[in-house]
Amino acid sequence: MNLPRAPRARRLRLRTTSIAVGVALAAGPVPCLAAAPASAAAAKPAKHYDDFNGDGYRDLAVSHTHDGIFAFNDRAVLVTYGGPKGLTTKKQVIHQNSPGIPGASESGDDFGTVLASADLNRDGYADLVVGNPTEEAGRTRVGSVTLVWGSTKGLKGGTALPRKATNGYGTFGADIATGDFNGDGRPDIATVNGGDVFLYRGGFTKSGGLGKVSKYDREGQSWDGDTIAAGKVNGDGKTDLIVMGVRGVGMTFRTEAWFLKGSTGGLVSGPAKVVDGKKQHERLDAAVGDFDRDGYGDIAVGNPVANDGRGRVTVWYGTSAGPGKRSITLSQSTAGVAGASEAWDQFGSSLTAGDADGDGYADLAVGVPGERVGAKVNAGGAYLFRGGKGGLKGSRSAALGKSLPGVAGETTDHDILGYDLRLRDLNRDGRADLAISVPGEDSMRILPGAKGGVTGTGSSVLRAAGSDLPE
Ligand SMILES: [Ca+2]
Ligand SMILES: [Ca+2]
Ligand SMILES: [Ca+2]
Ligand SMILES: [Ca+2]
């Protein structure tokens, strides 16, 4: 069965029946991007790359479904501030008609469907990077990327990132990742536009200052980059980038994950791994985490379209040269994994890595948004694969969803639970908590990290939360 399109799905140039997903940020050995030694910093950078008001607690920015003020399909960002017990009731909505935000809210905009963050100007307050890949310039949709600045009172004012020319169609901000790719202590921004990857080096300033911008392509290989994920793979401390995209080979296409190593000079082309040797797929998600705790980040790439949409995830274990030969493929047919693998379950639509159980091994959460639960079609679901000795295994996995004790709500048709996922420690207890989007009911569930994995006990609901989670 084919999935209905989730509200405001992020797919743009769809070649396949895959639904769109957010790209998860690397958990990796060093989850705090802004903590690298700063050069000539005026203030101490934010401890967390998502602490927008600098109070020491991570905050959560998600896409927001707006109603009332603007046209039906105008978009916004909902920010929920964190506190000692996790997310608080302090919320903020940001859109292009908010004071100081460049541009204007227009029908068909996708402001906030792509989100990432970092303390870009290193003033102690994390800043938000907002993609709006369908933003119009004149009558052409070209996309935009907006930096929204953190402050003691939260996010306030914005600066447009300059769009660099591409060959033809534009989708600036179609995907965004942050990290310190050149290791100078200043967070950088990687983004996608028109099939190419652009690296915007820090340091960024509110008045539009930024470092050098470089474009990356696999010249002569008919390569079209589509989605990106950042993480620390090869153990040199610099953030690396993984680009999922499509390559023309003779008369056919294949889908590959291209590894780009972070280096002092920028990004350096590394190995490309074949995700699907015969077909082209777009909007694939990836996540980086050190699942076997050997010091190298491991790369998980989802292919929800594989095998008539049953879907699978391939994990390439990291080495000093990037993704190595050792890999594992996970699906609902893997021994030890609960549930049944059915056509268009779309296992692997969304991925995120983080240490949910606090044992020092990164864990991988996988969304299955087309999963049938009993008689409920497209109810969706998610899995947590716990890392451990040797990496990920079916025997260390658990199925998650509304049927988990303590999780609010009834499982219904077309919840599409698991459309997007994010593992980050929101209550500062040392265990990453799992945010799961449920676009069918315009909400998210947050399941606390706990010994043995994540738990429904103490879980909460975030309403009007759209479908897309940040990097
Ligand atoms: Ca905060
Ligand atoms: Ca800042
Ligand atoms: Ca590893
Ligand atoms: Ca936690």
# chains A, B, ... in the order shown; residues from 1 in each chain; ligands from 1
call {"tool": "residues_around", "arguments": {"residues": "Asp468 (chain A)", "least_positions_apart": "6", "cutoff": "6 Å", "atoms": "only C-alpha atoms", "output": "PDB file with N, CA and C atoms, in the first residue's frame"}}
result
ATOM      1  N   SER A  63       8.814  22.140  13.095  1.00  0.00           N
ATOM      2  CA  SER A  63       7.923  22.827  12.163  1.00  0.00           C
ATOM      3  C   SER A  63       6.547  22.922  12.819  1.00  0.00           C
ATOM      4  N   THR A 113      10.336  23.730   7.366  1.00  0.00           N
ATOM      5  CA  THR A 113      10.282  22.286   7.110  1.00  0.00           C
ATOM      6  C   THR A 113      11.678  21.672   7.193  1.00  0.00           C
ATOM      7  N   ASP A 420       9.123  11.473  11.353  1.00  0.00           N
ATOM      8  CA  ASP A 420      10.431  12.056  11.657  1.00  0.00           C
ATOM      9  C   ASP A 420      10.757  11.747  13.120  1.00  0.00           C
TER      10      ASP A 420
END
call {"tool": "residues_around", "arguments": {"residues": "region 269-271 of chain A", "least_positions_apart": "6", "cutoff": "12 Å", "atoms": "only C-alpha atoms", "output": "PyMOL selection string"}}
result
chain A and resi 197+215-219+233-234+240-243+256-263+316+318-325
call {"tool": "write_last_selection", "arguments": {"atoms": "N, CA, C and O atoms", "output": "CSV table (one decimal), in the first residue's frame"}}
result
chain,number,residue,atom,x,y,z
A,197,VAL,N,26.1,20.6,-3.1
A,197,VAL,CA,26.3,20.9,-1.7
A,197,VAL,C,27.1,22.2,-1.6
A,197,VAL,O,28.1,22.3,-2.3
A,215,LYS,N,31.5,25.1,-3.1
A,215,LYS,CA,30.5,24.2,-3.7
A,215,LYS,C,31.1,22.9,-4.0
A,215,LYS,O,32.3,22.8,-4.4
A,216,TYR,N,30.4,21.8,-3.7
A,216,TYR,CA,30.9,20.4,-3.9
A,216,TYR,C,30.0,19.6,-4.8
A,216,TYR,O,28.8,19.6,-4.6
A,217,ASP,N,30.6,19.0,-5.8
A,217,ASP,CA,29.9,18.2,-6.8
A,217,ASP,C,30.8,17.0,-7.1
A,217,ASP,O,32.0,17.1,-7.0
A,218,ARG,N,30.2,15.9,-7.7
A,218,ARG,CA,31.1,14.9,-8.2
A,218,ARG,C,31.1,15.1,-9.7
A,218,ARG,O,30.4,14.5,-10.4
A,219,GLU,N,32.1,16.0,-10.1
A,219,GLU,CA,32.2,16.4,-11.4
A,219,GLU,C,32.3,15.2,-12.4
A,219,GLU,O,33.0,14.3,-12.2
A,233,VAL,N,32.9,11.0,11.8
A,233,VAL,CA,33.1,9.6,11.4
A,233,VAL,C,34.6,9.1,11.6
A,233,VAL,O,34.8,8.1,12.2
A,234,ASN,N,35.5,9.9,11.1
A,234,ASN,CA,36.9,9.3,11.0
A,234,ASN,C,37.8,9.6,12.2
A,234,ASN,O,39.0,9.3,12.1
A,240,ASP,N,32.2,15.6,9.6
A,240,ASP,CA,32.2,15.1,8.3
A,240,ASP,C,30.7,15.1,7.7
A,240,ASP,O,29.8,15.3,8.5
A,241,LEU,N,30.6,15.0,6.4
A,241,LEU,CA,29.3,15.1,5.8
A,241,LEU,C,29.0,13.9,4.9
A,241,LEU,O,29.8,13.4,4.2
A,242,ILE,N,27.7,13.5,5.0
A,242,ILE,CA,27.3,12.4,4.1
A,242,ILE,C,26.2,13.0,3.2
A,242,ILE,O,25.2,13.6,3.7
A,243,VAL,N,26.3,12.8,1.9
A,243,VAL,CA,25.3,13.3,1.0
A,243,VAL,C,24.7,12.2,0.3
A,243,VAL,O,25.3,11.4,-0.4
A,256,GLU,N,23.3,6.7,-4.2
A,256,GLU,CA,24.5,6.5,-3.4
A,256,GLU,C,24.6,7.4,-2.2
A,256,GLU,O,23.9,8.5,-2.2
A,257,ALA,N,25.4,7.1,-1.2
A,257,ALA,CA,25.7,7.9,-0.1
A,257,ALA,C,27.2,8.3,-0.2
A,257,ALA,O,28.1,7.4,-0.2
A,258,TRP,N,27.5,9.6,-0.4
A,258,TRP,CA,28.8,10.1,-0.7
A,258,TRP,C,29.4,10.7,0.6
A,258,TRP,O,28.8,11.6,1.2
A,259,PHE,N,30.5,10.2,1.0
A,259,PHE,CA,31.2,10.7,2.2
A,259,PHE,C,32.2,11.8,1.9
A,259,PHE,O,33.0,11.7,1.0
A,260,LEU,N,32.0,12.9,2.6
A,260,LEU,CA,32.9,14.0,2.4
A,260,LEU,C,33.6,14.3,3.8
A,260,LEU,O,32.9,14.6,4.8
A,261,LYS,N,34.9,14.2,3.8
A,261,LYS,CA,35.7,14.3,5.0
A,261,LYS,C,35.9,15.8,5.4
A,261,LYS,O,36.3,16.6,4.5
A,262,GLY,N,35.6,16.2,6.6
A,262,GLY,CA,36.0,17.5,7.1
A,262,GLY,C,37.5,17.7,7.2
A,262,GLY,O,38.2,16.7,7.6
A,263,SER,N,38.0,18.8,6.7
A,263,SER,CA,39.4,19.1,6.8
A,263,SER,C,39.6,20.6,6.9
A,263,SER,O,38.7,21.4,6.7
A,316,TRP,N,27.0,1.4,7.7
A,316,TRP,CA,28.4,1.2,7.4
A,316,TRP,C,29.3,1.7,8.6
A,316,TRP,O,29.2,2.9,9.0
A,318,GLY,N,32.3,3.0,10.8
A,318,GLY,CA,33.3,4.0,10.5
A,318,GLY,C,34.7,3.5,10.7
A,318,GLY,O,35.0,2.6,11.5
A,319,THR,N,35.7,4.1,10.0
A,319,THR,CA,37.1,3.8,10.1
A,319,THR,C,37.8,5.2,10.0
A,319,THR,O,37.2,6.2,9.8
A,320,SER,N,39.1,5.1,10.1
A,320,SER,CA,39.9,6.4,10.0
A,320,SER,C,39.8,6.9,8.6
A,320,SER,O,40.1,8.1,8.4
A,321,ALA,N,39.3,6.2,7.6
A,321,ALA,CA,39.2,6.6,6.3
A,321,ALA,C,37.7,6.9,5.9
A,321,ALA,O,37.4,7.1,4.7
A,322,GLY,N,36.9,6.9,6.9
A,322,GLY,CA,35.4,7.1,6.6
A,322,GLY,C,34.7,5.8,6.7
A,322,GLY,O,35.1,4.9,7.4
A,323,PRO,N,33.6,5.6,5.9
A,323,PRO,CA,32.8,4.4,6.0
A,323,PRO,C,33.7,3.2,5.5
A,323,PRO,O,34.3,3.3,4.4
A,324,GLY,N,33.7,2.2,6.2
A,324,GLY,CA,34.6,1.0,5.9
A,324,GLY,C,33.8,-0.1,5.2
A,324,GLY,O,32.7,0.1,4.7
A,325,LYS,N,34.4,-1.2,5.1
A,325,LYS,CA,33.7,-2.4,4.4
A,325,LYS,C,32.7,-3.0,5.2
A,325,LYS,O,31.7,-3.6,4.7
call {"tool": "closest_residue", "arguments": {"among": "A:Thr152, A:Ser459, A:Ser144, A:Thr412", "to": "Ala375 (chain A)", "atoms": "only C-alpha atoms"}}
result
A:Thr412
call {"tool": "residues_around", "arguments": {"residues": "Ala61 (chain A)", "least_positions_apart": "5", "cutoff": "7 Å", "atoms": "only C-alpha atoms", "output": "list of chain:residue names"}}
result
A:Val77, A:Leu78, A:Val79, A:Thr80, A:Pro470
call {"tool": "residues_around", "arguments": {"residues": "region 287-298 of chain A", "least_positions_apart": "4", "cutoff": "8 Å", "atoms": "only C-alpha atoms", "output": "number ranges by chain"}}
result
A: 23-29, 229-235, 315-320, 323, 351-354, 360-364, 386-392
call {"tool": "residues_near_ligand", "arguments": {"ligand": "ligand 4", "cutoff": "12 Å", "atoms": "only C-alpha atoms and all ligand atoms", "output": "PyMOL selection string"}}
result
chain A and resi 57-58+82-87+354-358+423-435+446-451+453-455+458-459
call {"tool": "write_last_selection", "arguments": {"atoms": "C-alpha atoms", "output": "short mmCIF file (atom, residue, chain, number, x, y, z; two decimals), in the first residue's frame"}}
result
data_model
loop_
_atom_site.label_atom_id
_atom_site.label_comp_id
_atom_site.auth_asym_id
_atom_site.auth_seq_id
_atom_site.Cartn_x
_atom_site.Cartn_y
_atom_site.Cartn_z
CA TYR A 57 18.86 23.49 28.86
CA ARG A 58 18.31 22.29 25.32
CA GLY A 82 13.69 23.40 28.05
CA GLY A 83 14.00 23.30 31.83
CA PRO A 84 15.12 20.97 34.62
CA LYS A 85 12.25 18.56 33.92
CA GLY A 86 12.54 18.68 30.14
CA LEU A 87 10.40 20.85 27.89
CA GLY A 354 21.78 9.23 20.25
CA ASP A 355 22.54 7.46 23.50
CA ALA A 356 19.06 6.67 24.81
CA ASP A 357 20.11 4.30 27.57
CA GLY A 358 23.20 6.19 28.69
CA LEU A 423 17.15 11.60 19.89
CA ARG A 424 18.52 14.30 22.23
CA ASP A 425 18.75 14.59 26.01
CA LEU A 426 16.03 17.11 26.86
CA ASN A 427 15.94 16.69 30.65
CA ARG A 428 19.68 16.55 31.20
CA ASP A 429 19.73 13.12 32.87
CA GLY A 430 22.43 11.78 30.53
CA ARG A 431 20.02 9.76 28.38
CA ALA A 432 18.74 10.93 25.01
CA ASP A 433 14.98 11.31 24.79
CA LEU A 434 13.13 10.34 21.62
CA ALA A 435 10.85 12.82 19.85
CA ILE A 446 8.46 12.54 23.53
CA LEU A 447 9.62 9.31 25.15
CA PRO A 448 12.26 9.61 27.87
CA GLY A 449 15.52 7.78 27.52
CA ALA A 450 15.85 5.12 30.22
CA LYS A 451 17.87 2.12 31.27
CA GLY A 453 16.16 2.02 25.94
CA VAL A 454 13.32 4.56 25.78
CA THR A 455 10.16 4.22 27.83
CA GLY A 458 6.77 9.85 31.70
CA SER A 459 6.23 10.48 27.98
#
call {"tool": "residues_around", "arguments": {"residues": "Val192 (chain A)", "least_positions_apart": "2", "cutoff": "10 Å", "atoms": "only C-alpha atoms", "output": "PyMOL selection string"}}
result
chain A and resi 133+170-177+190+194-199+215-216+225-228+243
call {"tool": "residues_near_ligand", "arguments": {"ligand": "ligand 1", "cutoff": "6 Å", "atoms": "only C-alpha atoms and all ligand atoms", "output": "PyMOL selection string"}}
result
chain A and resi 51-59+81-82
call {"tool": "select_by_dssp", "arguments": {"residues": "region 290-380 of chain A", "states": "helix (DSSP H, G or I)", "output": "count of residues only"}}
result
4
call {"tool": "closest_atom_pairs", "arguments": {"of": "chain A", "to": "ligand 2", "cutoff": "7 Å", "atoms": "only C-alpha atoms and all ligand atoms", "output": "JSON lines"}}
result
{"residue": "A:Asp119", "atom": "CA", "partner": "ligand 2", "partner_atom_place_in_ligand_line": "1 (Ca)", "distance": 4.3}
{"residue": "A:Leu120", "atom": "CA", "partner": "ligand 2", "partner_atom_place_in_ligand_line": "1 (Ca)", "distance": 5.3}
{"residue": "A:Asn121", "atom": "CA", "partner": "ligand 2", "partner_atom_place_in_ligand_line": "1 (Ca)", "distance": 4.7}
{"residue": "A:Arg122", "atom": "CA", "partner": "ligand 2", "partner_atom_place_in_ligand_line": "1 (Ca)", "distance": 5.1}
{"residue": "A:Asp123", "atom": "CA", "partner": "ligand 2", "partner_atom_place_in_ligand_line": "1 (Ca)", "distance": 4.8}
{"residue": "A:Gly124", "atom": "CA", "partner": "ligand 2", "partner_atom_place_in_ligand_line": "1 (Ca)", "distance": 5.8}
{"residue": "A:Tyr125", "atom": "CA", "partner": "ligand 2", "partner_atom_place_in_ligand_line": "1 (Ca)", "distance": 4.1}
{"residue": "A:Ala126", "atom": "CA", "partner": "ligand 2", "partner_atom_place_in_ligand_line": "1 (Ca)", "distance": 4.6}
{"residue": "A:Asp127", "atom": "CA", "partner": "ligand 2", "partner_atom_place_in_ligand_line": "1 (Ca)", "distance": 4.9}
{"residue": "A:Trp149", "atom": "CA", "partner": "ligand 2", "partner_atom_place_in_ligand_line": "1 (Ca)", "distance": 5.7}
{"residue": "A:Gly150", "atom": "CA", "partner": "ligand 2", "partner_atom_place_in_ligand_line": "1 (Ca)", "distance": 5.1}
call {"tool": "closest_residue", "arguments": {"among": "A:Ser214, A:Thr140, A:Ser349, A:Ser327", "to": "ligand 3", "atoms": "only C-alpha atoms and all ligand atoms"}}
result
A:Ser327
call {"tool": "select_by_dssp", "arguments": {"residues": "region 78-268 of chain A", "states": "strand (DSSP E)", "output": "MDAnalysis selection string"}}
result
chainID A and resid 78:83 86:94 114:118 127:132 136:137 140:141 144:148 158:160 176:179 188:193 196:200 213:216 223:231 240:249 252:263 266:268
call {"tool": "closest_residue", "arguments": {"among": "A:Lys206, A:Arg141, A:His281, A:Arg75", "to": "Gly100 (chain A)", "atoms": "only C-alpha atoms"}}
result
A:Lys206
call {"tool": "residues_around", "arguments": {"residues": "Ala382 (chain A)", "least_positions_apart": "3", "cutoff": "9 Å", "atoms": "only C-alpha atoms", "output": "PyMOL selection string"}}
result
chain A and resi 347+365-369+371+398-401+417-419+421+436
call {"tool": "closest_residue", "arguments": {"among": "A:Gly183, A:Ser341, A:Ala300, A:Gly440", "to": "ligand 3", "atoms": "only C-alpha atoms and all ligand atoms"}}
result
A:Ala300
call {"tool": "closest_residue", "arguments": {"among": "A:Arg326, A:Gln346, A:Leu384, A:Thr88", "to": "ligand 3", "atoms": "only C-alpha atoms and all ligand atoms"}}
result
A:Arg326
call {"tool": "atom_distance", "arguments": {"atom1": "CA of Gly452 (chain A)", "atom2": "CA of Leu404 (chain A)"}}
result
14.3 Å
call {"tool": "residues_around", "arguments": {"residues": "Gly143 (chain A)", "least_positions_apart": "4", "cutoff": "12 Å", "atoms": "only C-alpha atoms", "output": "number ranges by chain"}}
result
A: 12, 103, 108-114, 130-139, 160-166, 169-175, 191-194
call {"tool": "atom_distance", "arguments": {"atom1": "CA of Met444 (chain A)", "atom2": "CA of Val62 (chain A)"}}
result
9.6 Å
